[in-house]
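Q: Can you keep this structure in mind? I'll have questions shortly.
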Amino acid sequence: MASFDVMPDTQLYQPVELADALELAARLGENGWLLGGGQDTYGWIKDRAKNPAAMIDLNGIEALHGIRETADGIEIGAATTLRDVIRNPLISEHYRLLHDAASRVASPQIRNVGTIGGNLNQDTRCWYYRRGLSCYRAGGNLCYADSPQGMNREHCLFDASRCVAVSPSDTATAMVALEASMVAESLDGQRVIPAEKFFVGPRTHITRMTSLEPGEILTSVRIPAKWAGKRFYFEKVSDRNVWDFALVSIAVAMNVENGTIAESRFVCGGVAAVPHRLRQVEAAARGRTLSDEAGEELAPLATRGAKPLNYNHFKLPLMENLVRRAMRS
Amino acid sequence: MDFAEFKRDVWGREVLLGVSWDLLWVILVAAFLFIAIHTVYKAAARKGPRPSRDGERVRRHDGVDRAYHWLMAISIFALIITGVLPVFGIEFAWLTIHWIAGLVLTAVVLFHIVRSLFWQDLKSMWISAKDLREPFDAAHKPGKYSLAQKGMHAGVTVLTLLVIGSGLTMFAMIDTPWWERSNALSEATLGWVFFIHGLSTLLLIGMICLHVYFGLRPEKLFYLRSMWKGWISRDELSANHDPERWKPRAPPT
């Protein structure tokens, strides 16, 4: 594969009003690339693996920045940097799960410029796909990762459908655990999409990671107050402690009443193309107390239905151990 | 408009991905134009008296063949809906429904092949030299099937076998309850398989448009009834077929 030292010629639009950005997004459609912090974008474009005709830089739009308290929780502008998310007292006090997840994204330098919207919308890290091969996700007819010779150590355990890539977003798992909603706007109006439906797997959208349509812009994320101040657990296992993607991560929100779990949401990252809910674990956790014994009982439920590939069986005990650790008192 | 879709990979090589789905519009427009012209032509043509559906009934299709026909129709419609809609942006979890419908189609086609070879009059569907007189000689009546029906059957046969053959090849490339997928075929070969599958699907859509149109034409409605109920009247037989070339069995009870 050829390598390039410089970016290709690309048109750059820098709107300062959301209306202008929406008009540009509608006009350019799939030829327009929405630019947040650019941390996922620039690699794609420099390598010529994606060749958008134009980029729409959303960072100049004031309405997309900031964290606001609302009647039912908080609303985070999509162009808010991960650093601002981490440093926000509302989030660190009431939605610690998101704080912890955002704190584990990449490196401090990347968190300084990377946005919450960009982190949620980032594309998968499958290297066959990112090298520009014409795999299923790139619109082709085969998967290079799921083959006898394919290197699939980082790929999925659940819900593969031709493509075996995983969602790389650390904050996505937290958003699903916190029952967040994504606000998407276009010239046709506004859609509020539950986080679980925002992220889509290859069964329905093999060439996309989210349900955002061309012409739509993720403008904000709403997190309801339902889980504010509850018990949270986030852990990310990766090859390096910084500047790396999760091999497996877990985001857990629990409502613990009188020492027992009344309700919980266990969500794993790095094991499917979407943040993966551990519904059997959640059901079995109801009415249990936090303890090593409960963790031992719940852990095997996490991997039920998993279909490991040639090189990622190690993710099974990782997942189970993360459930055990989340259940510690 | 392109005939096929290609992708240039990261090394600059052109990779065949499959048929260009723009062809669907060409086929639909062509089918619509044919139907419109035929409708006008038939409306302008002198109409003779329509044979009566009353009186003695004769058997045209056995129950098992009617069941086969409708099962095949359901599976083909399921395949087209699940295969084509996602291409045009109506996305849903289509793949499992698609391959299940594909297996149903394969099974009923295999059943039909065996039945037609050993239990049916295979020659009644063959196109012979005699049949070619039909369009030019109004007095020349067909046996059980007209030239148009035989032509439609031949076309659907070829396209269905192509779509099944290419579909089964693609089926081996995905995970199923019975096997894990194989990446045994090269990208170029797969491109041709997808191309054949897509092109035969598009042509089948065109054939189906015509089939449905002719099935619903007023003077042909008795064929649709026979595919539903099994019988036509003696009068319809005499008006449209040569009793010497097709001697139907007793009517269904």
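Going by the structure tokens order, chains are called A, B, ..., each with residues numbered from 1, while ligands are numbered from 1 in the order shown.
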A:Met55: which residues within 12 Å, counting only C-alpha atoms, same-chain residues fewer than 3 positions away excluded, as a list in words?
A: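 My list of contacting residues is Pro8, Asp9, Thr10, Gln11, Leu12, Tyr13, Gln14, Pro15, Ala21, Leu24, Ala25, Leu28, Gly29, Glu30, Asn31, Gly32, Trp33, Leu34, Leu35, Gly36, Gly38, Thr41, Tyr42, Ile45, Lys50, Asn51, Pro52, Leu58 and Asn59 of chain A.
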Q: For A:Gly287, please output as a list in words all residues within 6 Å (counting only C-alpha atoms; exclusion window: fewer than 5 positions along the same chain).
A: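 The residues that qualify are Thr260, Ile261 and Ala262 of chain A.
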Q: Find the residues in chain A near chain B: any atom within 6 Å counts, using only C-alpha atoms. Write them as JSON, numbers by chain.
A: {"A": [1, 132, 133, 134, 147, 203, 204]}
Q: Could you state the separation of atom CA of A:His276 and atom CA of A:Gly295 in Å, given to one decimal place?
A: 18.5 Å
Q: Just list as a PyMOL selection string whatever in stretch 160-287 of chain A DSSP marks as helix (DSSP H, G or I).
A: chain A and resi 170-177+195-198+225-227+279-285
Q: Give me a file of those residues, with C-alpha atoms, as a PDB file, in the first residue's frame.
A:
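Printed below is out-v7.pdb as written:
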ATOM      1  CA  ASP A 170     -15.198   3.978  25.133  1.00  0.00           C
ATOM      2  CA  THR A 171     -17.934   6.489  25.810  1.00  0.00           C
ATOM      3  CA  ALA A 172     -20.523   4.530  23.794  1.00  0.00           C
ATOM      4  CA  THR A 173     -20.714   1.797  26.441  1.00  0.00           C
ATOM      5  CA  ALA A 174     -21.276   4.410  29.144  1.00  0.00           C
ATOM      6  CA  MET A 175     -23.976   6.117  27.090  1.00  0.00           C
ATOM      7  CA  VAL A 176     -25.873   2.854  26.649  1.00  0.00           C
ATOM      8  CA  ALA A 177     -25.522   2.044  30.342  1.00  0.00           C
ATOM      9  CA  ALA A 195     -28.287   5.141  22.467  1.00  0.00           C
ATOM     10  CA  GLU A 196     -29.055   1.460  22.030  1.00  0.00           C
ATOM     11  CA  LYS A 197     -30.650   2.164  18.670  1.00  0.00           C
ATOM     12  CA  PHE A 198     -28.116   4.787  17.659  1.00  0.00           C
ATOM     13  CA  ALA A 225     -31.352  11.856  35.634  1.00  0.00           C
ATOM     14  CA  LYS A 226     -32.531   8.296  36.240  1.00  0.00           C
ATOM     15  CA  TRP A 227     -29.020   7.031  36.862  1.00  0.00           C
ATOM     16  CA  ARG A 279     -29.060  -8.812  29.542  1.00  0.00           C
ATOM     17  CA  GLN A 280     -28.726 -12.194  31.206  1.00  0.00           C
ATOM     18  CA  VAL A 281     -26.309 -10.748  33.720  1.00  0.00           C
ATOM     19  CA  GLU A 282     -28.656  -7.825  34.357  1.00  0.00           C
ATOM     20  CA  ALA A 283     -31.604 -10.164  34.948  1.00  0.00           C
ATOM     21  CA  ALA A 284     -29.617 -12.418  37.241  1.00  0.00           C
ATOM     22  CA  ALA A 285     -28.197  -9.459  39.171  1.00  0.00           C
TER      23      ALA A 285
END
Q: Just the residues within 12 Å of B:Leu132, please, counting only C-alpha atoms, with nothing from its chain fewer than 4 positions along; format it as a PDB file with C-alpha atoms, in the first residue's frame.
A:
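Final output, result06.pdb:
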ATOM      1  CA  TRP B 126     -40.660 -27.856 -24.413  1.00  0.00           C
ATOM      2  CA  ILE B 127     -40.636 -25.314 -27.233  1.00  0.00           C
ATOM      3  CA  SER B 128     -40.981 -27.164 -30.538  1.00  0.00           C
ATOM      4  CA  PHE B 136     -48.530 -15.882 -37.023  1.00  0.00           C
ATOM      5  CA  ASP B 137     -51.483 -18.233 -37.312  1.00  0.00           C
ATOM      6  CA  ALA B 138     -54.531 -17.528 -35.178  1.00  0.00           C
ATOM      7  CA  HIS B 140     -52.965 -22.701 -34.724  1.00  0.00           C
ATOM      8  CA  LYS B 141     -53.747 -23.400 -31.079  1.00  0.00           C
ATOM      9  CA  PRO B 142     -51.262 -24.633 -28.514  1.00  0.00           C
ATOM     10  CA  SER B 146     -48.725 -21.542 -25.286  1.00  0.00           C
ATOM     11  CA  LEU B 147     -45.468 -20.391 -26.824  1.00  0.00           C
ATOM     12  CA  ALA B 148     -45.502 -17.343 -24.567  1.00  0.00           C
ATOM     13  CA  LYS B 150     -43.201 -21.860 -22.580  1.00  0.00           C
ATOM     14  CA  GLY B 151     -40.916 -18.909 -23.268  1.00  0.00           C
TER      15      GLY B 151
END
Q: Any chance you could list, as a VMD selection string, the residues in stretch 196-282 of chain A that come up strand (DSSP E or B) when DSSP is run on the backbone?
A: chain A and resid 199 210 217 to 223 231 to 237 248 to 257 260 to 269 276 to 277
Q: Just the selected residues (C-alpha atoms), exported as a PDB file, in the first residue's frame, please.
A:
ATOM      1  CA  PHE A 199     -25.364   2.203  17.365  1.00  0.00           C
ATOM      2  CA  THR A 210     -24.530   4.391  13.655  1.00  0.00           C
ATOM      3  CA  ILE A 217     -25.617  15.785  12.313  1.00  0.00           C
ATOM      4  CA  LEU A 218     -25.369  14.536  15.877  1.00  0.00           C
ATOM      5  CA  THR A 219     -25.905  17.770  17.791  1.00  0.00           C
ATOM      6  CA  SER A 220     -26.080  16.651  21.410  1.00  0.00           C
ATOM      7  CA  VAL A 221     -26.368  13.780  23.820  1.00  0.00           C
ATOM      8  CA  ARG A 222     -29.006  13.749  26.552  1.00  0.00           C
ATOM      9  CA  ILE A 223     -28.413  11.739  29.692  1.00  0.00           C
ATOM     10  CA  ARG A 231     -23.301   3.065  41.624  1.00  0.00           C
ATOM     11  CA  PHE A 232     -21.060   2.844  38.561  1.00  0.00           C
ATOM     12  CA  TYR A 233     -18.232   0.687  37.391  1.00  0.00           C
ATOM     13  CA  PHE A 234     -16.052   1.190  34.329  1.00  0.00           C
ATOM     14  CA  GLU A 235     -13.020  -0.775  33.347  1.00  0.00           C
ATOM     15  CA  LYS A 236     -11.167  -0.997  30.088  1.00  0.00           C
ATOM     16  CA  VAL A 237      -8.648  -3.680  29.256  1.00  0.00           C
ATOM     17  CA  VAL A 248     -12.832  -5.540  26.239  1.00  0.00           C
ATOM     18  CA  SER A 249     -14.385  -2.865  28.405  1.00  0.00           C
ATOM     19  CA  ILE A 250     -17.328  -2.825  30.754  1.00  0.00           C
ATOM     20  CA  ALA A 251     -19.624   0.004  31.822  1.00  0.00           C
ATOM     21  CA  VAL A 252     -22.066  -0.771  34.603  1.00  0.00           C
ATOM     22  CA  ALA A 253     -24.790   1.347  36.177  1.00  0.00           C
ATOM     23  CA  MET A 254     -26.531  -0.090  39.216  1.00  0.00           C
ATOM     24  CA  ASN A 255     -29.364   1.082  41.373  1.00  0.00           C
ATOM     25  CA  VAL A 256     -28.517  -0.466  44.730  1.00  0.00           C
ATOM     26  CA  GLU A 257     -31.259  -0.219  47.346  1.00  0.00           C
ATOM     27  CA  THR A 260     -29.356  -5.245  46.908  1.00  0.00           C
ATOM     28  CA  ILE A 261     -29.355  -4.495  43.195  1.00  0.00           C
ATOM     29  CA  ALA A 262     -32.799  -3.247  42.170  1.00  0.00           C
ATOM     30  CA  GLU A 263     -31.852  -2.533  38.565  1.00  0.00           C
ATOM     31  CA  SER A 264     -28.669  -2.602  36.555  1.00  0.00           C
ATOM     32  CA  ARG A 265     -27.252  -2.149  33.104  1.00  0.00           C
ATOM     33  CA  PHE A 266     -24.106  -4.038  32.136  1.00  0.00           C
ATOM     34  CA  VAL A 267     -22.604  -3.009  28.806  1.00  0.00           C
ATOM     35  CA  CYS A 268     -19.451  -4.402  27.225  1.00  0.00           C
ATOM     36  CA  GLY A 269     -17.294  -2.720  24.619  1.00  0.00           C
ATOM     37  CA  HIS A 276     -23.145  -5.088  23.937  1.00  0.00           C
ATOM     38  CA  ARG A 277     -25.770  -5.302  26.697  1.00  0.00           C
TER      39      ARG A 277
END
